[in-house]
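So this block is structure_5.cif, mmCIF, C-alpha atoms:
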```cif
data_start
loop_
_atom_site.label_atom_id
_atom_site.label_comp_id
_atom_site.auth_asym_id
_atom_site.auth_seq_id
_atom_site.Cartn_x
_atom_site.Cartn_y
_atom_site.Cartn_z
CA MET A 1 94.72 178.15 90.70
CA LYS A 2 93.37 176.64 87.49
CA ALA A 3 94.53 173.20 86.52
CA ARG A 4 93.78 170.52 84.00
CA VAL A 5 94.15 166.80 84.45
CA LEU A 6 94.72 164.85 81.23
CA ILE A 7 93.71 161.22 81.53
CA ARG A 8 94.48 158.57 78.90
CA PRO A 9 94.49 154.79 78.63
CA LYS A 10 97.74 153.27 79.84
CA ALA A 11 100.18 152.26 77.12
CA GLY A 12 99.62 148.67 76.04
CA ILE A 13 95.95 148.56 76.97
CA LEU A 14 93.66 148.12 73.99
CA ASP A 15 92.10 151.50 73.17
CA PRO A 16 89.28 150.81 70.70
CA GLN A 17 88.23 154.48 70.64
CA GLY A 18 91.74 155.57 69.64
CA GLU A 19 91.85 152.82 67.00
CA ALA A 20 88.49 153.86 65.55
CA VAL A 21 89.63 157.49 65.24
CA GLN A 22 92.93 156.39 63.74
CA ARG A 23 91.09 154.33 61.12
CA ALA A 24 88.76 157.22 60.30
CA LEU A 25 91.49 159.80 59.59
CA PRO A 26 92.90 158.30 56.35
CA ALA A 27 89.35 158.20 54.96
CA LEU A 28 89.38 162.00 55.24
CA GLY A 29 92.73 162.28 53.50
CA PHE A 30 94.93 162.58 56.61
CA GLU A 31 97.82 160.18 56.08
CA GLY A 32 100.69 159.17 58.32
CA VAL A 33 98.80 159.33 61.61
CA ALA A 34 99.77 156.84 64.33
CA ASN A 35 99.35 156.27 68.07
CA VAL A 36 95.94 157.92 68.38
CA HIS A 37 94.52 157.66 71.90
CA VAL A 38 91.30 159.10 73.24
CA GLY A 39 91.15 160.13 76.88
CA ARG A 40 89.40 162.81 78.85
CA MET A 41 90.24 166.09 80.52
CA VAL A 42 89.15 167.35 83.92
CA GLU A 43 89.38 171.11 84.42
CA LEU A 44 89.37 172.43 87.95
CA THR A 45 90.21 175.40 90.13
CA VAL A 46 91.89 174.58 93.43
CA GLU A 47 93.33 176.51 96.31
CA ASP A 48 96.01 173.93 96.98
CA ALA A 49 97.57 172.36 93.88
CA SER A 50 99.19 169.62 95.96
CA GLN A 51 95.72 168.11 96.41
CA ILE A 52 95.40 167.24 92.74
CA GLU A 53 97.71 164.23 92.85
CA PRO A 54 95.72 162.45 95.60
CA MET A 55 92.49 163.44 93.79
CA CYS A 56 93.78 161.63 90.70
CA GLN A 57 94.75 158.57 92.71
CA LYS A 58 91.43 158.39 94.53
CA LEU A 59 88.85 159.51 92.00
CA LEU A 60 89.78 161.35 88.82
CA ALA A 61 91.73 158.48 87.26
CA ASN A 62 91.87 154.73 87.73
CA PRO A 63 95.62 154.18 88.01
CA LEU A 64 95.19 150.49 87.18
CA VAL A 65 94.26 151.30 83.61
CA GLU A 66 94.86 155.02 83.10
CA ASP A 67 97.82 157.41 83.11
CA TYR A 68 97.26 161.00 84.09
CA GLU A 69 99.14 164.22 83.71
CA ILE A 70 98.54 167.35 85.78
CA VAL A 71 98.92 170.66 83.96
CA LEU A 72 98.88 173.82 86.07
CA ASP A 73 97.70 176.91 84.20
CA THR A 74 99.77 179.79 85.48
CA MET B 75 68.47 134.37 104.90
CA LYS B 76 68.07 137.99 103.91
CA PHE B 77 69.60 139.79 100.95
CA GLY B 78 70.18 143.54 101.00
CA VAL B 79 69.98 145.00 97.49
CA LEU B 80 71.58 148.42 97.09
CA ARG B 81 69.82 151.19 95.21
CA PHE B 82 71.83 154.12 93.85
CA PRO B 83 70.46 157.01 91.84
CA GLY B 84 70.64 155.48 88.35
CA SER B 85 70.36 151.84 89.40
CA CYS B 86 67.89 150.10 87.09
CA ASP B 87 68.25 146.38 87.81
CA ASP B 88 67.70 146.70 91.56
CA VAL B 89 64.08 145.53 91.43
CA ASP B 90 64.90 142.50 89.29
CA ALA B 91 67.71 141.64 91.73
CA LEU B 92 65.28 142.06 94.63
CA LEU B 93 62.71 139.77 92.99
CA ALA B 94 65.35 137.19 92.06
CA ALA B 95 66.64 137.16 95.65
CA ARG B 96 63.09 136.76 96.95
CA ARG B 97 62.77 133.50 95.02
CA VAL B 98 65.34 131.98 97.37
CA GLY B 99 65.08 134.10 100.52
CA ASP B 100 64.05 137.45 101.97
CA ALA B 101 65.28 140.65 100.38
CA GLU B 102 65.12 144.35 101.04
CA LEU B 103 66.30 147.45 99.16
CA LEU B 104 69.01 149.58 100.79
CA TRP B 105 69.22 153.25 99.79
CA HIS B 106 72.69 154.55 98.89
CA GLY B 107 72.55 157.39 101.41
CA GLU B 108 72.01 155.08 104.40
CA ARG B 109 74.73 153.25 106.27
CA ASP B 110 72.43 150.67 107.90
CA LEU B 111 72.51 147.29 106.13
CA LYS B 112 69.38 146.33 108.11
CA GLY B 113 70.63 142.94 109.20
CA ALA B 114 71.25 141.64 105.67
CA ASP B 115 73.13 138.33 105.48
CA ALA B 116 74.37 139.08 101.97
CA ILE B 117 74.58 142.17 99.77
CA VAL B 118 73.76 142.57 96.09
CA VAL B 119 75.18 145.58 94.24
CA PRO B 120 72.88 145.72 91.21
CA GLY B 121 73.24 146.81 87.61
CA GLY B 122 72.39 150.15 86.09
CA PHE B 123 74.12 153.48 85.77
CA SER B 124 74.86 154.56 89.33
CA TYR B 125 75.38 158.32 89.56
CA GLY B 126 74.96 158.48 85.79
CA ASP B 127 78.24 156.57 85.27
CA TYR B 128 79.86 160.01 85.38
CA LEU B 129 83.66 160.05 85.22
CA ARG B 130 83.92 156.23 85.04
CA ALA B 131 81.32 153.57 85.69
CA GLY B 132 81.14 152.93 89.42
CA SER B 133 83.72 155.55 90.39
CA ILE B 134 81.36 157.80 92.35
CA ALA B 135 79.01 155.13 93.76
CA ARG B 136 82.05 153.59 95.36
CA PHE B 137 82.20 156.55 97.82
CA SER B 138 78.52 156.50 98.81
CA PRO B 139 77.63 156.06 102.50
CA VAL B 140 76.14 152.59 101.97
CA MET B 141 79.36 151.42 100.32
CA GLU B 142 81.33 152.30 103.45
CA SER B 143 79.17 149.77 105.27
CA VAL B 144 79.45 147.24 102.44
CA ILE B 145 83.25 147.51 102.48
CA ALA B 146 83.25 146.86 106.25
CA PHE B 147 80.73 144.00 105.78
CA ALA B 148 82.99 142.40 103.16
CA GLY B 149 85.97 142.89 105.47
CA ASP B 150 84.13 140.84 108.08
CA GLY B 151 83.62 138.03 105.55
CA GLY B 152 80.06 138.90 104.46
CA LEU B 153 78.97 137.78 100.98
CA VAL B 154 78.80 140.55 98.38
CA LEU B 155 77.58 139.98 94.81
CA GLY B 156 78.12 142.70 92.19
CA ILE B 157 76.25 142.47 88.90
CA CYS B 158 77.29 144.54 85.86
CA ASN B 159 77.46 148.12 87.21
CA GLY B 160 77.75 146.49 90.65
CA PHE B 161 80.84 144.61 89.42
CA GLN B 162 82.28 147.96 88.25
CA VAL B 163 81.53 149.49 91.66
CA LEU B 164 83.26 146.61 93.48
CA CYS B 165 86.35 146.95 91.25
CA GLU B 166 86.44 150.71 91.85
CA ALA B 167 86.11 150.04 95.58
CA LYS B 168 89.09 147.66 95.33
CA LEU B 169 87.00 144.84 96.75
CA LEU B 170 87.78 142.98 93.51
CA PRO B 171 90.95 143.04 91.40
CA GLY B 172 91.08 144.58 87.94
CA ALA B 173 88.87 147.02 86.07
CA LEU B 174 86.14 147.09 83.42
CA LEU B 175 86.95 148.90 80.16
CA PRO B 176 84.83 149.78 77.09
CA ASN B 177 83.80 146.74 75.04
CA SER B 178 86.35 146.07 72.32
CA ASN B 179 83.52 146.43 69.75
CA LEU B 180 82.72 149.92 71.20
CA ARG B 181 79.01 149.06 71.17
CA PHE B 182 76.40 148.64 73.81
CA THR B 183 75.67 144.96 73.34
CA PHE B 184 72.72 142.97 74.63
CA ARG B 185 72.78 139.24 74.04
CA GLN B 186 72.27 135.91 75.71
CA VAL B 187 75.68 134.49 76.64
CA GLU B 188 76.84 131.07 77.72
CA LEU B 189 79.03 130.97 80.79
CA GLU B 190 81.18 128.10 81.95
CA VAL B 191 81.24 127.64 85.69
CA VAL B 192 84.97 127.24 86.29
CA GLN B 193 84.80 126.81 90.07
CA GLU B 194 81.82 124.86 91.37
CA GLN B 195 82.68 124.83 95.08
CA THR B 196 82.32 128.50 95.93
CA ALA B 197 79.79 130.54 97.90
CA PHE B 198 78.44 131.92 94.60
CA THR B 199 78.37 128.77 92.45
CA CYS B 200 77.92 125.80 94.80
CA ALA B 201 74.24 125.33 93.82
CA CYS B 202 74.86 125.57 90.06
CA GLY B 203 75.82 121.97 89.37
CA LEU B 204 73.58 120.22 91.90
CA ASP B 205 71.17 118.68 89.43
CA GLY B 206 72.99 118.70 86.13
CA PRO B 207 76.06 117.57 84.24
CA SER B 208 79.52 118.97 84.86
CA PRO B 209 81.01 121.26 83.67
CA VAL B 210 78.04 123.52 84.19
CA VAL B 211 77.14 126.01 81.46
CA LEU B 212 74.75 128.85 82.33
CA SER B 213 72.72 130.76 79.77
CA ILE B 214 72.31 134.33 81.03
CA PRO B 215 71.79 137.69 79.32
CA ALA B 216 74.52 140.32 79.23
CA LYS B 217 73.94 143.99 78.37
CA HIS B 218 76.63 146.59 78.71
CA SER B 219 79.06 148.98 77.02
CA TRP B 220 81.86 148.76 79.60
CA GLY B 221 82.35 145.06 80.21
CA ARG B 222 85.87 144.27 79.05
CA TYR B 223 87.51 142.79 82.13
CA TYR B 224 91.13 143.81 82.42
CA ALA B 225 93.88 143.04 84.90
CA ASP B 226 97.62 143.04 84.31
CA GLU B 227 99.39 139.78 83.44
CA GLN B 228 100.71 139.13 86.94
CA THR B 229 97.32 139.75 88.56
CA LEU B 230 95.64 137.45 86.04
CA ALA B 231 98.17 134.70 86.70
CA ASP B 232 97.73 135.06 90.46
CA MET B 233 93.92 135.01 90.16
CA GLU B 234 93.95 131.95 87.92
CA GLY B 235 96.33 130.18 90.30
CA ARG B 236 94.13 130.89 93.29
CA GLY B 237 90.90 129.88 91.55
CA GLN B 238 89.39 133.36 91.62
CA VAL B 239 87.99 133.09 88.10
CA LEU B 240 84.55 131.58 88.74
CA LEU B 241 82.89 132.14 85.36
CA ARG B 242 84.25 132.29 81.84
CA TYR B 243 82.50 133.15 78.58
CA ALA B 244 82.06 129.95 76.55
CA PRO B 245 83.92 129.88 73.20
CA GLY B 246 82.39 132.46 70.87
CA HIS B 247 80.62 134.35 73.67
CA ASN B 248 83.34 136.79 74.79
CA PHE B 249 81.88 139.70 72.82
CA ASN B 250 83.44 142.41 74.98
CA GLY B 251 87.09 141.34 74.72
CA SER B 252 87.64 140.38 78.38
CA SER B 253 91.08 139.06 79.35
CA ASN B 254 91.18 135.24 79.55
CA ASP B 255 87.44 135.18 78.62
CA ILE B 256 86.70 136.17 82.23
CA ALA B 257 83.02 136.81 82.98
CA GLY B 258 83.09 136.67 86.80
CA VAL B 259 85.79 136.91 89.46
CA SER B 260 85.99 136.69 93.22
CA ASN B 261 88.35 138.23 95.70
CA GLU B 262 91.11 136.14 97.24
CA ARG B 263 89.01 135.30 100.31
CA GLY B 264 86.11 134.16 98.14
CA ASN B 265 83.37 136.27 99.77
CA VAL B 266 83.09 139.02 97.13
CA PHE B 267 82.09 138.17 93.57
CA GLY B 268 81.40 140.27 90.49
CA LEU B 269 80.14 139.36 87.02
CA MET B 270 79.04 141.35 83.98
CA PRO B 271 76.12 139.14 82.80
CA HIS B 272 72.82 139.41 84.67
CA PRO B 273 71.73 136.33 86.65
CA GLU B 274 68.76 138.32 88.05
CA HIS B 275 67.27 138.53 84.53
CA ALA B 276 67.36 134.74 84.13
CA VAL B 277 65.23 133.37 86.95
CA ASP B 278 62.12 132.16 85.10
CA GLU B 279 61.60 129.94 82.07
CA LEU B 280 59.13 132.56 80.84
CA THR B 281 62.08 134.78 79.88
CA GLY B 282 64.08 131.96 78.33
CA SER B 283 66.28 130.73 81.17
CA LYS B 284 66.34 130.35 84.91
CA ASP B 285 70.03 129.55 85.07
CA GLY B 286 70.75 132.76 86.97
CA LEU B 287 68.83 131.60 90.00
CA CYS B 288 71.63 129.22 91.03
CA ILE B 289 73.90 132.18 91.86
CA PHE B 290 71.37 133.44 94.44
CA ALA B 291 70.64 129.89 95.64
CA SER B 292 74.37 129.29 96.12
CA MET B 293 74.64 132.38 98.34
CA CYS B 294 71.75 131.08 100.44
CA LEU B 295 73.40 127.69 100.86
CA ALA B 296 76.67 129.35 101.83
CA VAL B 297 75.05 131.65 104.41
CA GLU B 298 73.05 128.78 105.90
CA ALA B 299 76.09 126.48 105.97
CA ALA B 300 78.04 129.16 107.84
CA ARG B 301 75.31 129.32 110.47
CA VAL B 302 75.44 125.63 111.35
#
```

Do you think you could lay out the structure here as structure tokens?
Amino acid sequence: MKARVLIRPKAGILDPQGEAVQRALPALGFEGVANVHVGRMVELTVEDASQIEPMCQKLLANPLVEDYEIVLDT
Amino acid sequence: MKFGVLRFPGSCDDVDALLAARRVGDAELLWHGERDLKGADAIVVPGGFSYGDYLRAGSIARFSPVMESVIAFAGDGGLVLGICNGFQVLCEAKLLPGALLPNSNLRFTFRQVELEVVQEQTAFTCACGLDGPSPVVLSIPAKHSWGRYYADEQTLADMEGRGQVLLRYAPGHNFNGSSNDIAGVSNERGNVFGLMPHPEHAVDELTGSKDGLCIFASMCLAVEAARV
């Protein structure tokens, strides 16, 4: 099964990358953009989708500072 | 007194750490794939880019065979010093609270920083104020992209209350945006310590400062005191 894990900075933690992108957009004429956050995506194929959650806890994300979301591609 | 200095693929400050440790004691490199700490009395997890910093800095090194032994060593009360990438590894290994995030200025920054020694009676700082005025201020270089120390409010309050913040950036020197100006923290037990600046690069007047040497000298004093 193919899956994607979307990892982003936890709400409330300063995200300077997101802020830099947000500041760049109006310069290109894109107005009204807010709450820009930059994270990363891990794509993987697994036999047992129930393993992904512990993978996130142990390695893929740092739950202290990051939220993650598991998306199963059916 | 013998230091064991870890070497991961991508470590680059391991030799400086080895040479700094040798100014105050014996020291030997320990390869990441080995579990044998070779009788080391204290461990240094050096700076660099272990395993390419892939995923997150320190996240993969934390699972290396040598780290299993270091985690057990720390559990037995052994002294463990993590510098820069080593600090990140120790946080990922949960030997230290908190995490290191990208610098708030988003730049790799290399500069000499001044650090206030907040706690002078610890295994990592007890030699720092021996022949100078108090409070002690150390001048040490820092060089990193991911050095913004972060812990949640409750953790910070608990750490401050327990005296786990050993080093703070002096006013005007917190270039990375660390919470509470924190430059170096210990665990609750006081035997594991991590800092972002590099004491191993400041051990000779030739390079501008030898203030970093007192961190290694402190560890020696602590190990020898524990033997008596």

Next on the checklist: Quick check: residues of chain A within 8 Å of chain B, only C-alpha atoms, returned as a PyMOL selection string.
Outcome noted: chain A and resi 14-17+59-60+62+64-65

Hey, can I get the axis-aligned box for region 90-103 of chain B? All listed atoms, 6 Å padding on each side, centre and edge lengths in Å to one decimal, as JSON.
```
{"center_x": 65.2, "center_y": 139.7, "center_z": 95.6, "size_x": 17.0, "size_y": 27.5, "size_z": 24.7}
```

Item to check | Test item: the PyMOL selection byres ((chain A and resi 21-38) around 10) resolved as number ranges by chain | outcome: A: 7-11, 14-20, 39-40

Next on the checklist: Selection in question (the file shown): the PyMOL selection byres ((chain B and resi 204-220) around 7). Which residues does it include, as an NGL selection string?
Outcome noted: :B and (174-177 or 180-191 or 201-203 or 221-222 or 270-273 or 275-276 or 283 or 285-286)

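Across A:Gly12, A:Lys2, A:Asp73, A:Met41, the tightest approach to Ala61 (chain A) is made by A:Met41 when counting all atoms listed in the file.
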
Next on the checklist: Can you tell me which residues surround Phe198 (chain B) at a distance of at most 7 Å, considering all atoms listed in the file, apart from same-chain residues fewer than 6 positions away, and format the answer as a list in words?
Outcome noted: Ile289, Ser292 and Met293 of chain B

Next on the checklist: Selection in question (the file shown): the PyMOL selection byres ((chain B and resi 80) around 8). Which residues does it include, as a PyMOL selection string?
Outcome noted: chain B and resi 78-79+81-82+88+103-106+117-120+140

Taking C-alpha atoms for each residue, export the selection above as a short mmCIF file (atom, residue, chain, number, x, y, z; two decimals), in the frame of the given file.
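Once written, out.cif looks like this:
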```
data_model
loop_
_atom_site.label_atom_id
_atom_site.label_comp_id
_atom_site.auth_asym_id
_atom_site.auth_seq_id
_atom_site.Cartn_x
_atom_site.Cartn_y
_atom_site.Cartn_z
CA GLY B 78 70.18 143.54 101.00
CA VAL B 79 69.98 145.00 97.49
CA ARG B 81 69.82 151.19 95.21
CA PHE B 82 71.83 154.12 93.85
CA ASP B 88 67.70 146.70 91.56
CA LEU B 103 66.30 147.45 99.16
CA LEU B 104 69.01 149.58 100.79
CA TRP B 105 69.22 153.25 99.79
CA HIS B 106 72.69 154.55 98.89
CA ILE B 117 74.58 142.17 99.77
CA VAL B 118 73.76 142.57 96.09
CA VAL B 119 75.18 145.58 94.24
CA PRO B 120 72.88 145.72 91.21
CA VAL B 140 76.14 152.59 101.97
#
```

Checklist outcome for this item: CA of Glu274 (chain B) to CA of Ala91 (chain B) measures 5.1 Å

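CA of Val266 (chain B) is positioned 11.2 Å from CA of Gly160 (chain B).
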
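When only C-alpha atoms are used to measure the gap to Asp67 (chain A), the shortest distance among A:Ala49, A:Met55, A:Leu6, A:Val42 belongs to A:Leu6.
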
Checklist entry - Could you state the separation of CA of Asp90 (chain B) and CA of Ala244 (chain B) in Å, given to one decimal place? => result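 CA of Ala244 (chain B) lies 24.8 Å from CA of Asp90 (chain B).
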
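Of the listed residues B:Leu155, B:Pro139, B:Gly84, B:Lys112, the one whose atoms come nearest to Asp127 (chain B) is B:Gly84, with distances taken using all atoms listed in the file.
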
Missing atoms in region 55-66 of chain A: can you complete it with N, CA, C and O atoms, as a PDB file, in the frame of the given file?
```pdb
ATOM      1  N   MET A  55      93.808 163.497  94.459  1.00  0.00           N
ATOM      2  CA  MET A  55      92.490 163.440  93.790  1.00  0.00           C
ATOM      3  C   MET A  55      92.537 162.473  92.618  1.00  0.00           C
ATOM      4  O   MET A  55      91.592 161.724  92.384  1.00  0.00           O
ATOM      5  N   CYS A  56      93.646 162.526  91.870  1.00  0.00           N
ATOM      6  CA  CYS A  56      93.780 161.630  90.700  1.00  0.00           C
ATOM      7  C   CYS A  56      93.829 160.186  91.165  1.00  0.00           C
ATOM      8  O   CYS A  56      93.174 159.321  90.586  1.00  0.00           O
ATOM      9  N   GLN A  57      94.601 159.937  92.211  1.00  0.00           N
ATOM     10  CA  GLN A  57      94.750 158.570  92.710  1.00  0.00           C
ATOM     11  C   GLN A  57      93.424 158.008  93.213  1.00  0.00           C
ATOM     12  O   GLN A  57      93.121 156.837  93.020  1.00  0.00           O
ATOM     13  N   LYS A  58      92.645 158.868  93.877  1.00  0.00           N
ATOM     14  CA  LYS A  58      91.430 158.390  94.530  1.00  0.00           C
ATOM     15  C   LYS A  58      90.205 158.383  93.625  1.00  0.00           C
ATOM     16  O   LYS A  58      89.346 157.522  93.748  1.00  0.00           O
ATOM     17  N   LEU A  59      90.106 159.371  92.739  1.00  0.00           N
ATOM     18  CA  LEU A  59      88.850 159.510  92.000  1.00  0.00           C
ATOM     19  C   LEU A  59      89.009 159.825  90.509  1.00  0.00           C
ATOM     20  O   LEU A  59      88.394 159.158  89.680  1.00  0.00           O
ATOM     21  N   LEU A  60      89.813 160.832  90.193  1.00  0.00           N
ATOM     22  CA  LEU A  60      89.780 161.350  88.820  1.00  0.00           C
ATOM     23  C   LEU A  60      90.248 160.329  87.791  1.00  0.00           C
ATOM     24  O   LEU A  60      89.739 160.282  86.680  1.00  0.00           O
ATOM     25  N   ALA A  61      91.240 159.508  88.180  1.00  0.00           N
ATOM     26  CA  ALA A  61      91.730 158.480  87.260  1.00  0.00           C
ATOM     27  C   ALA A  61      91.651 157.132  87.945  1.00  0.00           C
ATOM     28  O   ALA A  61      91.528 157.063  89.172  1.00  0.00           O
ATOM     29  N   ASN A  62      91.704 156.065  87.162  1.00  0.00           N
ATOM     30  CA  ASN A  62      91.870 154.730  87.730  1.00  0.00           C
ATOM     31  C   ASN A  62      93.285 154.280  87.377  1.00  0.00           C
ATOM     32  O   ASN A  62      93.540 153.847  86.254  1.00  0.00           O
ATOM     33  N   PRO A  63      94.217 154.414  88.330  1.00  0.00           N
ATOM     34  CA  PRO A  63      95.620 154.180  88.010  1.00  0.00           C
ATOM     35  C   PRO A  63      95.930 152.763  87.514  1.00  0.00           C
ATOM     36  O   PRO A  63      96.978 152.527  86.931  1.00  0.00           O
ATOM     37  N   LEU A  64      94.996 151.836  87.722  1.00  0.00           N
ATOM     38  CA  LEU A  64      95.190 150.490  87.180  1.00  0.00           C
ATOM     39  C   LEU A  64      95.232 150.496  85.663  1.00  0.00           C
ATOM     40  O   LEU A  64      95.946 149.710  85.044  1.00  0.00           O
ATOM     41  N   VAL A  65      94.420 151.353  85.062  1.00  0.00           N
ATOM     42  CA  VAL A  65      94.260 151.300  83.610  1.00  0.00           C
ATOM     43  C   VAL A  65      94.496 152.644  82.920  1.00  0.00           C
ATOM     44  O   VAL A  65      94.468 152.714  81.698  1.00  0.00           O
ATOM     45  N   GLU A  66      94.716 153.699  83.708  1.00  0.00           N
ATOM     46  CA  GLU A  66      94.860 155.020  83.100  1.00  0.00           C
ATOM     47  C   GLU A  66      96.113 155.735  83.609  1.00  0.00           C
ATOM     48  O   GLU A  66      96.462 155.626  84.790  1.00  0.00           O
TER      49      GLU A  66
END
```
